[in-house]
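Trainee: Next comes the structure file data07.pdb, holding PDB, C-alpha atoms and all ligand atoms.
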ATOM      1  CA  MET G 379      47.534 -24.300 -52.152
ATOM      2  CA  GLN G 380      49.035 -23.012 -48.898
ATOM      3  CA  ASN G 381      47.874 -19.650 -47.519
ATOM      4  CA  ALA G 382      51.371 -18.208 -47.825
ATOM      5  CA  ASP G 383      51.498 -19.242 -51.486
ATOM      6  CA  MET G 384      48.139 -17.607 -52.123
ATOM      7  CA  ALA G 385      49.272 -14.418 -50.407
ATOM      8  CA  ASP G 386      52.396 -14.361 -52.585
ATOM      9  CA  GLN G 387      50.311 -14.927 -55.686
ATOM     10  CA  ASN G 388      47.869 -12.158 -54.742
ATOM     11  CA  SER G 389      50.623  -9.653 -54.107
ATOM     12  CA  ALA G 390      52.268 -10.597 -57.420
ATOM     13  CA  LEU G 391      48.928 -10.162 -59.200
ATOM     14  CA  ALA G 392      48.492  -6.730 -57.625
ATOM     15  CA  MET G 393      51.513  -5.498 -59.568
ATOM     16  CA  CYS G 394      50.425  -6.754 -62.974
ATOM     17  CA  TRP G 395      48.748  -4.655 -65.622
ATOM     18  CA  ARG G 396      44.997  -5.143 -65.800
ATOM     19  CA  ASP G 397      42.738  -3.783 -68.517
ATOM     20  CA  GLU G 398      40.661  -1.988 -65.884
ATOM     21  CA  TYR G 399      43.703   0.274 -65.247
ATOM     22  CA  SER G 400      43.365   1.731 -68.755
ATOM     23  CA  ILE G 401      42.602   5.443 -68.829
ATOM     24  CA  GLY G 402      41.732   5.297 -72.541
ATOM     25  CA  ILE G 403      44.850   6.961 -73.959
ATOM     26  CA  THR G 404      47.088   4.294 -75.476
ATOM     27  CA  GLU G 405      50.392   6.154 -75.062
ATOM     28  CA  ILE G 406      49.714   6.789 -71.369
ATOM     29  CA  ASP G 407      48.513   3.209 -70.834
ATOM     30  CA  ASP G 408      51.782   1.972 -72.363
ATOM     31  CA  GLN G 409      53.758   4.210 -70.007
ATOM     32  CA  HIS G 410      51.718   2.975 -67.027
ATOM     33  CA  LYS G 411      52.406  -0.610 -68.118
ATOM     34  CA  GLU G 412      56.121   0.178 -68.041
ATOM     35  CA  LEU G 413      55.792   1.735 -64.571
ATOM     36  CA  ILE G 414      53.881  -1.279 -63.244
ATOM     37  CA  LYS G 415      56.552  -3.580 -64.698
ATOM     38  CA  ARG G 416      59.123  -1.586 -62.742
ATOM     39  CA  PHE G 417      56.954  -1.660 -59.576
ATOM     40  CA  ALA G 418      56.815  -5.447 -59.938
ATOM     41  CA  ALA G 419      60.604  -5.565 -60.241
ATOM     42  CA  VAL G 420      60.929  -3.756 -56.885
ATOM     43  CA  GLU G 421      58.401  -6.119 -55.346
ATOM     44  CA  GLU G 422      60.428  -9.058 -56.675
ATOM     45  CA  VAL G 423      63.642  -7.667 -55.163
ATOM     46  CA  ILE G 424      61.929  -7.298 -51.779
ATOM     47  CA  THR G 425      60.118 -10.637 -51.716
ATOM     48  CA  THR G 426      63.213 -12.560 -52.808
ATOM     49  CA  GLN G 427      65.333 -10.606 -50.316
ATOM     50  CA  GLN G 428      67.958  -9.485 -52.802
ATOM     51  CA  GLY G 429      70.747  -7.093 -51.845
ATOM     52  CA  TRP G 430      70.589  -3.354 -51.260
ATOM     53  CA  SER G 431      72.122  -2.514 -54.650
ATOM     54  CA  GLU G 432      69.395  -4.453 -56.517
ATOM     55  CA  LEU G 433      66.784  -2.526 -54.530
ATOM     56  CA  HIS G 434      68.587   0.766 -55.111
ATOM     57  CA  PHE G 435      68.760   0.358 -58.891
ATOM     58  CA  ALA G 436      65.196  -0.960 -59.116
ATOM     59  CA  ILE G 437      63.905   2.126 -57.269
ATOM     60  CA  LEU G 438      66.172   4.395 -59.313
ATOM     61  CA  GLY G 439      64.724   2.839 -62.475
ATOM     62  CA  ILE G 440      61.236   3.847 -61.377
ATOM     63  CA  LEU G 441      62.289   7.383 -60.477
ATOM     64  CA  ARG G 442      64.006   7.997 -63.826
ATOM     65  CA  TYR G 443      61.076   6.626 -65.801
ATOM     66  CA  ALA G 444      58.571   8.544 -63.638
ATOM     67  CA  GLU G 445      60.398  11.830 -64.368
ATOM     68  CA  PHE G 446      59.926  11.264 -68.106
ATOM     69  CA  HIS G 447      56.345  10.008 -67.679
ATOM     70  CA  PHE G 448      55.246  12.932 -65.488
ATOM     71  CA  GLN G 449      56.726  15.468 -67.921
ATOM     72  CA  PHE G 450      54.828  13.759 -70.731
ATOM     73  CA  GLU G 451      51.556  13.901 -68.769
ATOM     74  CA  GLU G 452      52.090  17.527 -67.765
ATOM     75  CA  ALA G 453      52.729  18.527 -71.398
ATOM     76  CA  LEU G 454      49.518  16.742 -72.403
ATOM     77  CA  MET G 455      47.519  18.512 -69.679
ATOM     78  CA  ARG G 456      48.935  21.904 -70.754
ATOM     79  CA  LEU G 457      48.164  21.141 -74.377
ATOM     80  CA  TYR G 458      44.495  20.581 -73.575
ATOM     81  CA  GLY G 459      44.179  23.224 -70.839
ATOM     82  CA  PHE G 460      43.220  20.722 -68.136
ATOM     83  CA  PRO G 461      41.838  22.935 -65.314
ATOM     84  CA  GLN G 462      43.216  20.864 -62.390
ATOM     85  CA  ILE G 463      46.759  20.752 -63.755
ATOM     86  CA  GLY G 464      48.170  22.615 -60.702
ATOM     87  CA  SER G 465      47.087  20.043 -58.119
ATOM     88  CA  HIS G 466      48.073  17.200 -60.456
ATOM     89  CA  ILE G 467      51.593  18.601 -60.831
ATOM     90  CA  GLN G 468      51.823  19.022 -57.044
ATOM     91  CA  GLU G 469      50.981  15.337 -56.668
ATOM     92  CA  HIS G 470      53.712  14.457 -59.177
ATOM     93  CA  ARG G 471      56.205  16.502 -57.127
ATOM     94  CA  ARG G 472      55.116  14.757 -53.928
ATOM     95  CA  ILE G 473      55.616  11.324 -55.527
ATOM     96  CA  LEU G 474      59.060  12.277 -56.872
ATOM     97  CA  GLN G 475      60.139  13.639 -53.477
ATOM     98  CA  ALA G 476      59.071  10.413 -51.754
ATOM     99  CA  ALA G 477      60.924   8.395 -54.402
ATOM    100  CA  GLU G 478      64.075  10.480 -53.780
ATOM    101  CA  ILE G 479      63.860   9.571 -50.080
ATOM    102  CA  PHE G 480      63.696   5.867 -51.001
ATOM    103  CA  ILE G 481      66.776   6.321 -53.205
ATOM    104  CA  ASP G 482      68.613   7.981 -50.325
ATOM    105  CA  GLU G 483      67.586   5.252 -47.885
ATOM    106  CA  SER G 484      68.622   2.479 -50.254
ATOM    107  CA  LEU G 485      72.041   4.121 -50.701
ATOM    108  CA  ARG G 486      72.438   4.131 -46.914
ATOM    109  CA  LYS G 487      71.410   0.465 -47.043
ATOM    110  CA  VAL G 488      68.319   1.149 -44.963
ATOM    111  CA  ALA G 489      65.500  -0.995 -46.329
ATOM    112  CA  PRO G 490      62.554   1.379 -46.893
ATOM    113  CA  ALA G 491      59.835  -0.474 -45.004
ATOM    114  CA  ASP G 492      56.880   0.913 -46.909
ATOM    115  CA  VAL G 493      58.316   0.986 -50.417
ATOM    116  CA  ALA G 494      56.036  -1.723 -51.861
ATOM    117  CA  GLN G 495      53.008  -0.069 -50.227
ATOM    118  CA  PHE G 496      54.054   3.256 -51.735
ATOM    119  CA  TYR G 497      53.938   1.788 -55.258
ATOM    120  CA  GLN G 498      50.616   0.088 -54.522
ATOM    121  CA  ASN G 499      49.195   3.476 -53.489
ATOM    122  CA  TRP G 500      50.627   5.132 -56.594
ATOM    123  CA  LEU G 501      48.818   2.557 -58.713
ATOM    124  CA  ALA G 502      45.566   2.683 -56.733
ATOM    125  CA  THR G 503      45.233   6.431 -56.274
ATOM    126  CA  HIS G 504      47.267   8.294 -58.858
ATOM    127  CA  ILE G 505      47.032   6.016 -61.900
ATOM    128  CA  GLN G 506      43.496   4.770 -61.313
ATOM    129  CA  LYS G 507      41.942   7.999 -60.032
ATOM    130  CA  ASP G 508      43.954  11.186 -60.649
ATOM    131  CA  ASP G 509      45.148  10.292 -64.167
ATOM    132  CA  ARG G 510      41.645   9.266 -65.145
ATOM    133  CA  LEU G 511      40.469  12.863 -64.541
ATOM    134  CA  TYR G 512      42.672  14.471 -67.185
ATOM    135  CA  ALA G 513      42.050  11.544 -69.574
ATOM    136  CA  GLU G 514      38.278  12.035 -69.287
ATOM    137  CA  PHE G 515      38.766  15.763 -69.900
ATOM    138  CA  ILE G 516      40.778  15.111 -73.070
ATOM    139  CA  LEU G 517      38.559  12.286 -74.302
ATOM    140  CA  ALA G 518      35.477  14.493 -73.812
ATOM    141  CA  GLY G 519      36.653  16.342 -76.918
ATOM    142  CA  ASN G 520      38.148  19.471 -75.379
ATOM    143  CA  PRO G 521      40.304  21.175 -78.012
ATOM    144  CA  ILE G 522      44.014  21.847 -77.880
ATOM    145  CA  VAL G 523      44.541  25.310 -76.376
ATOM    146  CA  THR G 524      48.297  25.758 -76.372
ATOM    147  CA  PRO G 525      49.403  27.926 -79.291
ATOM    148  CA  PRO G 526      51.910  26.370 -81.686
ATOM    149  CA  CYS G 527      55.599  27.051 -81.199
ATOM    150  CA  PRO G 528      56.612  30.410 -82.707
ATOM    151  CA  ARG G 529      58.204  30.083 -86.132
ATOM    152  CA  LEU G 530      61.778  31.147 -86.517
ATOM    153  CA  ASP G 531      62.070  34.551 -88.133
ATOM    154  CA  THR G 532      64.350  34.006 -91.099
ATOM    155  CA  SER G 533      63.623  37.380 -92.740
ATOM    156  CA  SER G 534      66.337  39.179 -90.803
ATOM    157  CA  ALA G 535      69.089  36.703 -91.572
ATOM    158  CA  LYS G 536      72.484  38.224 -91.003
ATOM    159  CA  ALA G 537      74.653  39.038 -93.936
ATOM    160  CA  PRO G 538      77.339  36.452 -94.563
ATOM    161  CA  LEU G 539      80.740  37.164 -93.117
ATOM    162  CA  VAL G 540      83.139  38.706 -95.572
TER     163      VAL G 540
HETATM  164 FE    FE G 601      49.823  11.791 -63.300
END
Take the structure in the file and give it back as structure tokens.
Ligand SMILES: [Fe+2]
Mentor:
Amino acid sequence: MQNADMADQNSALAMCWRDEYSIGITEIDDQHKELIKRFAAVEEVITTQQGWSELHFAILGILRYAEFHFQFEEALMRLYGFPQIGSHIQEHRRILQAAEIFIDESLRKVAPADVAQFYQNWLATHIQKDDRLYAEFILAGNPIVTPPCPRLDTSSAKAPLV
């Protein structure tokens, strides 16, 4: 196998789900699998030198899914009273802001030079380190702390219109 082929194979492997990425919460693992699939799609667009619109929509696909995924994680952290939720949310905001810049650059047809590296870092630092912290907190058996939604008060129902 040629060195270039091996390098291509290694970079493709880097964007595949591996069991060691699991943080132990199936729903979150499934969402991370979806994110990694979308990271790989961006990598594919870049390595096969597709057009700016393919790159734009691939990046946009990650941003839209990340918005949903981050909201899901933040709700989970609130539910269990995860103490470091503030810094985790700040990191989510930083990632979303960077992703918005990539979207803007792709619309102006400027190839974001470090886009693949950005997703690699997201996988290596946020998914494999930061997310593991709240998962360990939840899996340690900490109870749900958020009170249930208030029930609708139906006792003061208005009289029907005459
Ligand atoms: Fe997160």
Trainee: Which of these, G:Gln428, G:Gln495, G:Pro461, G:Gly439, has the shortest distance to Asn520 in chain G once you count only C-alpha atoms?
Mentor: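 Of all the options, G:Pro461 lies closest to Asn520 in chain G.
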Trainee: Translate the PyMOL selection byres (((not hetatm)) within 7 of (chain G and resi 601)) into a concrete residue list for this structure, as number ranges by chain.
Mentor: G: 448, 451, 466, 470, 504-505, 508-509
Trainee: Once the PyMOL selection byres (((chain G and resi 403) around 10) and not hetatm) is applied to the coordinates I shared, what remains selected? I want it as a count of residues only.
Mentor: 13
Trainee: List the residues matched by the PyMOL selection byres (((chain G and resi 446) around 12) and not hetatm) in the displayed structure as number ranges by chain, ordered by chain and then by residue number.
Mentor: G: 406, 409-410, 412-413, 439-445, 447-453, 470, 474
Trainee: For Phe480 in chain G, work out the shell of residues within 12 Å, counting only C-alpha atoms and skipping chain neighbours fewer than 5 positions away, then give it as number ranges by chain.
Mentor: G: 420, 430, 433-441, 473-475, 485-494, 496-497
Trainee: Given the choices G:Phe417, G:Lys411, G:Arg396, G:Pro521, which gets closest to Trp500 in chain G if the distance is worked out from all atoms listed in the file?
Mentor: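 Selected residue with least distance to Trp500 in chain G: G:Phe417.
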Trainee: In Å, with one decimal, what is the gap from CA of Glu478 in chain G to CA of Glu422 in chain G?
Mentor: 20.1 Å
Trainee: Please report the interatomic distance between CA of Tyr399 in chain G and CA of Gln506 in chain G in Å with one decimal.
Mentor: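 A separation of 6.0 Å between them.
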Trainee: What is the CA of Trp395 in chain G-CA of Leu501 in chain G distance in Å, reported with one decimal?
Mentor: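 Distance between the two atoms: 10.0 Å.
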Trainee: Rebuild range 419-450 of chain G so that it carries N, CA and C atoms, then output the result as a short mmCIF file (atom, residue, chain, number, x, y, z; two decimals), in the frame of the given file.
Mentor:
data_model
loop_
_atom_site.label_atom_id
_atom_site.label_comp_id
_atom_site.auth_asym_id
_atom_site.auth_seq_id
_atom_site.Cartn_x
_atom_site.Cartn_y
_atom_site.Cartn_z
N ALA G 419 59.19 -5.22 -60.41
CA ALA G 419 60.60 -5.56 -60.24
C ALA G 419 61.06 -5.24 -58.82
N VAL G 420 60.59 -4.11 -58.27
CA VAL G 420 60.93 -3.76 -56.88
C VAL G 420 60.33 -4.78 -55.92
N GLU G 421 59.08 -5.13 -56.19
CA GLU G 421 58.40 -6.12 -55.35
C GLU G 421 59.18 -7.44 -55.35
N GLU G 422 59.65 -7.81 -56.53
CA GLU G 422 60.43 -9.06 -56.68
C GLU G 422 61.72 -8.99 -55.85
N VAL G 423 62.39 -7.85 -55.92
CA VAL G 423 63.64 -7.67 -55.16
C VAL G 423 63.37 -7.82 -53.66
N ILE G 424 62.26 -7.25 -53.21
CA ILE G 424 61.93 -7.30 -51.78
C ILE G 424 61.51 -8.71 -51.36
N THR G 425 60.64 -9.32 -52.14
CA THR G 425 60.12 -10.64 -51.72
C THR G 425 61.18 -11.72 -51.81
N THR G 426 62.14 -11.56 -52.70
CA THR G 426 63.21 -12.56 -52.81
C THR G 426 64.44 -12.16 -52.00
N GLN G 427 64.29 -11.06 -51.25
CA GLN G 427 65.33 -10.61 -50.32
C GLN G 427 66.69 -10.46 -50.99
N GLN G 428 66.69 -9.76 -52.12
CA GLN G 428 67.96 -9.48 -52.80
C GLN G 428 68.70 -8.37 -52.06
N GLY G 429 69.90 -8.06 -52.54
CA GLY G 429 70.75 -7.09 -51.84
C GLY G 429 70.31 -5.65 -52.02
N TRP G 430 70.97 -4.77 -51.24
CA TRP G 430 70.59 -3.35 -51.26
C TRP G 430 70.81 -2.71 -52.62
N SER G 431 71.84 -3.16 -53.37
CA SER G 431 72.12 -2.51 -54.65
C SER G 431 71.03 -2.85 -55.67
N GLU G 432 70.50 -4.09 -55.62
CA GLU G 432 69.40 -4.45 -56.52
C GLU G 432 68.17 -3.58 -56.22
N LEU G 433 67.91 -3.38 -54.91
CA LEU G 433 66.78 -2.53 -54.53
C LEU G 433 67.03 -1.09 -54.98
N HIS G 434 68.25 -0.62 -54.74
CA HIS G 434 68.59 0.77 -55.11
C HIS G 434 68.35 1.00 -56.61
N PHE G 435 68.88 0.12 -57.45
CA PHE G 435 68.76 0.36 -58.89
C PHE G 435 67.34 0.12 -59.40
N ALA G 436 66.60 -0.76 -58.73
CA ALA G 436 65.20 -0.96 -59.12
C ALA G 436 64.38 0.30 -58.80
N ILE G 437 64.62 0.89 -57.64
CA ILE G 437 63.90 2.13 -57.27
C ILE G 437 64.34 3.28 -58.17
N LEU G 438 65.64 3.34 -58.44
CA LEU G 438 66.17 4.39 -59.31
C LEU G 438 65.54 4.29 -60.70
N GLY G 439 65.35 3.06 -61.16
CA GLY G 439 64.72 2.84 -62.48
C GLY G 439 63.32 3.40 -62.53
N ILE G 440 62.59 3.28 -61.43
CA ILE G 440 61.24 3.85 -61.38
C ILE G 440 61.30 5.37 -61.38
N LEU G 441 62.20 5.92 -60.58
CA LEU G 441 62.29 7.38 -60.48
C LEU G 441 62.61 8.00 -61.84
N ARG G 442 63.60 7.43 -62.53
CA ARG G 442 64.01 8.00 -63.83
C ARG G 442 62.86 7.90 -64.84
N TYR G 443 62.18 6.77 -64.85
CA TYR G 443 61.08 6.63 -65.80
C TYR G 443 59.92 7.54 -65.41
N ALA G 444 59.67 7.69 -64.10
CA ALA G 444 58.57 8.54 -63.64
C ALA G 444 58.83 10.00 -64.02
N GLU G 445 60.09 10.44 -63.99
CA GLU G 445 60.40 11.83 -64.37
C GLU G 445 59.97 12.08 -65.81
N PHE G 446 60.32 11.14 -66.70
CA PHE G 446 59.93 11.26 -68.11
C PHE G 446 58.40 11.20 -68.23
N HIS G 447 57.80 10.23 -67.57
CA HIS G 447 56.34 10.01 -67.68
C HIS G 447 55.54 11.22 -67.17
N PHE G 448 55.97 11.78 -66.05
CA PHE G 448 55.25 12.93 -65.49
C PHE G 448 55.37 14.14 -66.41
N GLN G 449 56.56 14.35 -66.99
CA GLN G 449 56.73 15.47 -67.92
C GLN G 449 55.82 15.29 -69.13
N PHE G 450 55.70 14.06 -69.59
CA PHE G 450 54.83 13.76 -70.73
C PHE G 450 53.38 14.09 -70.37
#
